[in-house]
file structure_37.txt (compact mmCIF, C-alpha atoms)
# COMPACT_ATOMS: atom_id res chain seq x y z
CA MET A 109 -58.27 -10.88 58.20
CA SER A 110 -57.93 -7.15 58.31
CA ILE A 111 -56.58 -4.97 55.55
CA LEU A 112 -54.99 -1.74 56.76
CA LYS A 113 -54.78 0.96 54.11
CA ALA A 114 -54.39 4.09 56.21
CA ASN A 115 -55.04 5.53 59.66
CA SER A 116 -58.72 5.96 58.72
CA GLU A 117 -59.25 2.18 58.66
CA ILE A 118 -58.04 1.65 62.20
CA THR A 119 -61.18 1.32 64.31
CA SER A 120 -61.84 0.84 67.99
CA LYS A 121 -62.55 -2.84 67.20
CA THR A 122 -59.09 -3.37 65.70
CA ASN A 123 -56.93 -5.01 68.35
CA PHE A 124 -53.35 -5.03 67.15
CA LEU A 125 -51.98 -6.30 70.48
CA ASP A 126 -54.19 -9.43 70.45
CA GLY A 127 -53.18 -9.86 66.83
CA GLU A 128 -54.16 -8.98 63.30
CA VAL A 129 -53.12 -10.37 59.92
CA LEU A 130 -52.74 -7.50 57.44
CA LEU A 131 -52.37 -7.86 53.68
CA PHE A 132 -50.39 -5.30 51.70
CA ASN A 133 -49.36 -4.76 48.12
CA LYS A 134 -45.72 -3.88 48.88
CA PRO A 135 -44.65 -1.00 46.67
CA LEU A 136 -41.73 -1.26 44.30
CA THR A 137 -38.47 0.03 45.88
CA TRP A 138 -39.69 -0.47 49.46
CA SER A 139 -38.01 -3.22 51.46
CA SER A 140 -40.24 -5.56 53.47
CA PHE A 141 -38.85 -3.94 56.62
CA ASP A 142 -39.75 -0.46 55.28
CA LEU A 143 -43.37 -1.57 55.12
CA VAL A 144 -43.28 -3.18 58.59
CA LYS A 145 -41.73 0.00 60.02
CA LYS A 146 -44.43 2.15 58.40
CA VAL A 147 -47.23 -0.11 59.71
CA ARG A 148 -45.73 -0.12 63.20
CA GLY A 149 -45.57 3.68 63.18
CA ILE A 150 -49.18 4.06 62.01
CA ILE A 151 -50.44 1.63 64.66
CA LYS A 152 -48.45 3.27 67.46
CA SER A 153 -49.70 6.71 66.48
CA ALA A 154 -53.34 5.83 65.81
CA LYS A 155 -53.82 3.57 68.83
CA ASN A 156 -51.43 5.37 71.19
CA ILE A 157 -49.48 2.16 71.81
CA LYS A 158 -45.89 2.47 73.04
CA ASN A 159 -44.57 -0.91 71.97
CA ILE A 160 -46.05 -3.50 69.59
CA LYS A 161 -44.69 -6.51 67.77
CA VAL A 162 -45.04 -6.29 64.00
CA GLY A 163 -43.49 -8.77 61.57
CA HIS A 164 -43.82 -10.02 58.01
CA ALA A 165 -44.32 -13.53 56.67
CA GLY A 166 -41.69 -13.60 53.94
CA THR A 167 -39.26 -11.10 52.49
CA LEU A 168 -39.89 -9.51 49.11
CA ASP A 169 -36.97 -8.02 47.21
CA PRO A 170 -37.12 -4.20 47.12
CA LEU A 171 -37.44 -4.48 43.33
CA ALA A 172 -40.51 -6.71 43.69
CA ASP A 173 -44.01 -5.56 44.32
CA GLY A 174 -46.78 -7.81 45.51
CA LEU A 175 -48.45 -9.39 48.50
CA LEU A 176 -46.67 -8.98 51.83
CA ILE A 177 -48.41 -10.52 54.82
CA VAL A 178 -47.85 -8.55 58.03
CA CYS A 179 -48.80 -9.82 61.49
CA THR A 180 -49.18 -7.83 64.69
CA GLY A 181 -49.15 -8.61 68.39
CA LYS A 182 -49.78 -12.22 69.36
CA PHE A 183 -50.28 -13.19 65.71
CA THR A 184 -46.55 -12.74 65.09
CA LYS A 185 -46.30 -16.24 66.58
CA ILE A 186 -48.09 -17.71 63.53
CA ILE A 187 -45.69 -16.21 60.98
CA ASN A 188 -43.82 -19.53 60.57
CA GLU A 189 -47.13 -21.30 59.92
CA ILE A 190 -48.05 -18.75 57.26
CA GLN A 191 -44.61 -19.07 55.65
CA GLY A 192 -45.07 -22.84 55.47
CA GLN A 193 -48.17 -22.55 53.28
CA LYS A 194 -48.09 -23.39 49.58
CA LYS A 195 -47.33 -20.35 47.44
CA VAL A 196 -47.78 -19.41 43.82
CA TYR A 197 -45.36 -16.98 42.23
CA THR A 198 -46.06 -14.89 39.18
CA GLY A 199 -43.87 -12.59 37.18
CA GLU A 200 -43.71 -10.30 34.24
CA ILE A 201 -41.33 -10.58 31.31
CA THR A 202 -40.52 -7.97 28.71
CA PHE A 203 -39.45 -9.52 25.42
CA GLY A 204 -37.08 -7.70 23.11
CA ALA A 205 -35.45 -5.44 25.67
CA THR A 206 -32.46 -5.59 28.01
CA THR A 207 -31.20 -3.50 30.88
CA PRO A 208 -27.63 -3.25 32.21
CA SER A 209 -28.71 -4.86 35.51
CA TYR A 210 -30.99 -7.51 33.90
CA ASP A 211 -33.91 -6.31 36.07
CA ARG A 212 -36.11 -3.23 36.64
CA GLU A 213 -33.39 -1.42 38.58
CA THR A 214 -32.04 0.25 35.43
CA GLU A 215 -33.62 1.59 32.24
CA VAL A 216 -33.86 -0.37 28.98
CA ASP A 217 -30.60 0.09 27.06
CA GLN A 218 -31.20 -2.13 24.00
CA THR A 219 -34.21 -3.38 22.06
CA PHE A 220 -34.46 -6.29 19.65
CA ASP A 221 -36.84 -7.62 17.01
CA THR A 222 -39.44 -9.95 18.55
CA SER A 223 -41.34 -10.91 15.38
CA LYS A 224 -40.16 -14.55 15.59
CA ILE A 225 -41.51 -15.00 19.12
CA THR A 226 -44.88 -16.77 19.03
CA GLY A 227 -47.33 -17.80 21.70
CA GLU A 228 -46.53 -21.42 20.94
CA LEU A 229 -42.80 -20.84 21.41
CA ILE A 230 -43.38 -19.03 24.73
CA HIS A 231 -45.63 -21.86 25.95
CA LYS A 232 -43.06 -24.52 24.96
CA ILE A 233 -40.14 -22.74 26.66
CA SER A 234 -42.15 -21.82 29.76
CA LYS A 235 -42.62 -25.54 30.53
CA LYS A 236 -38.92 -25.61 31.51
CA PHE A 237 -39.74 -23.29 34.42
CA GLU A 238 -42.59 -25.31 35.95
CA GLY A 239 -42.29 -27.44 39.06
CA LYS A 240 -39.70 -27.40 41.80
CA ILE A 241 -36.72 -25.22 40.96
CA MET A 242 -33.71 -24.75 43.19
call {"tool": "encode", "arguments": {"input": "structure_37.txt", "output": "structure tokens"}}
result
Amino acid sequence: MSILKANSEITSKTNFLDGEVLLFNKPLTWSSFDLVKKVRGIIKSAKNIKNIKVGHAGTLDPLADGLLIVCTGKFTKIINEIQGQKKVYTGEITFGATTPSYDRETEVDQTFDTSKITGELIHKISKKFEGKIM
């Protein structure tokens, strides 16, 4: 697998038309399509390619950052196979704070005492979120 960080990492051996699988840490506030569009533009410019297929294997919310798998050229045909793989999701929780939107889109507007929250309590409650969840 190739990891594309910038134009400088595109070498003569990189064949985006035959297909590459690229791994990115999608930045917060970017949509998955924003990243695909940026990659497509870099490839077109660096390799002087007029038209190239570029797609991603799973949409990440613009307010999420994390791994986004991007395929180029003939490897866009394996996107469904990649999407079918087992995944592990992680997250981050801030205790004792709320925002008007209940996510990172807005700033913290209230804070609360967290002294009664223990590791044991977190572990016990977190069990409710394990397994298959609709």
call {"tool": "residues_around", "arguments": {"input": "structure_37.txt", "residues": "A:Thr219", "least_positions_apart": "6", "cutoff": "8 Å", "atoms": "only C-alpha atoms", "output": "VMD selection string"}}
result
chain A and resid 204 to 206
call {"tool": "residues_around", "arguments": {"input": "structure_37.txt", "residues": "A:Phe124", "least_positions_apart": "3", "cutoff": "8 Å", "atoms": "only C-alpha atoms", "output": "PyMOL selection string"}}
result
chain A and resi 127-128+151+160+180-181
call {"tool": "write_last_selection", "arguments": {"input": "structure_37.txt", "atoms": "C-alpha atoms", "output": "short mmCIF file (atom, residue, chain, number, x, y, z; two decimals), in the frame of the given file"}}
result
data_model
loop_
_atom_site.label_atom_id
_atom_site.label_comp_id
_atom_site.auth_asym_id
_atom_site.auth_seq_id
_atom_site.Cartn_x
_atom_site.Cartn_y
_atom_site.Cartn_z
CA GLY A 127 -53.18 -9.86 66.83
CA GLU A 128 -54.16 -8.98 63.30
CA ILE A 151 -50.44 1.63 64.66
CA ILE A 160 -46.05 -3.50 69.59
CA THR A 180 -49.18 -7.83 64.69
CA GLY A 181 -49.15 -8.61 68.39
#
call {"tool": "residues_around", "arguments": {"input": "structure_37.txt", "residues": "A:Gly166", "least_positions_apart": "4", "cutoff": "12 Å", "atoms": "all atoms listed in the file", "output": "number ranges by chain"}}
result
A: 134, 139-141, 144, 174-179, 187-193, 195
call {"tool": "atom_distance", "arguments": {"input": "structure_37.txt", "atom1": "atom CA of A:Phe203", "atom2": "atom CA of A:Asn133"}}
result
25.2 Å
call {"tool": "atom_distance", "arguments": {"input": "structure_37.txt", "atom1": "atom CA of A:Asn159", "atom2": "atom CA of A:Leu136"}}
result
27.8 Å
call {"tool": "closest_residue", "arguments": {"input": "structure_37.txt", "among": "A:Ala165, A:Lys182, A:Lys236, A:Gly199", "to": "A:Asn123", "atoms": "all atoms listed in the file"}}
result
A:Lys182
call {"tool": "atom_distance", "arguments": {"input": "structure_37.txt", "atom1": "atom CA of A:Ile150", "atom2": "atom CA of A:Thr167"}}
result
20.5 Å
call {"tool": "residues_around", "arguments": {"input": "structure_37.txt", "residues": "A:Trp138", "least_positions_apart": "3", "cutoff": "6 Å", "atoms": "only C-alpha atoms", "output": "PDB file with C-alpha atoms, in the coordinates of the input"}}
result
ATOM      1  CA  PRO A 135     -44.650  -1.000  46.670  1.00  0.00           C
ATOM      2  CA  ASP A 142     -39.750  -0.460  55.280  1.00  0.00           C
ATOM      3  CA  PRO A 170     -37.120  -4.200  47.120  1.00  0.00           C
TER       4      PRO A 170
END
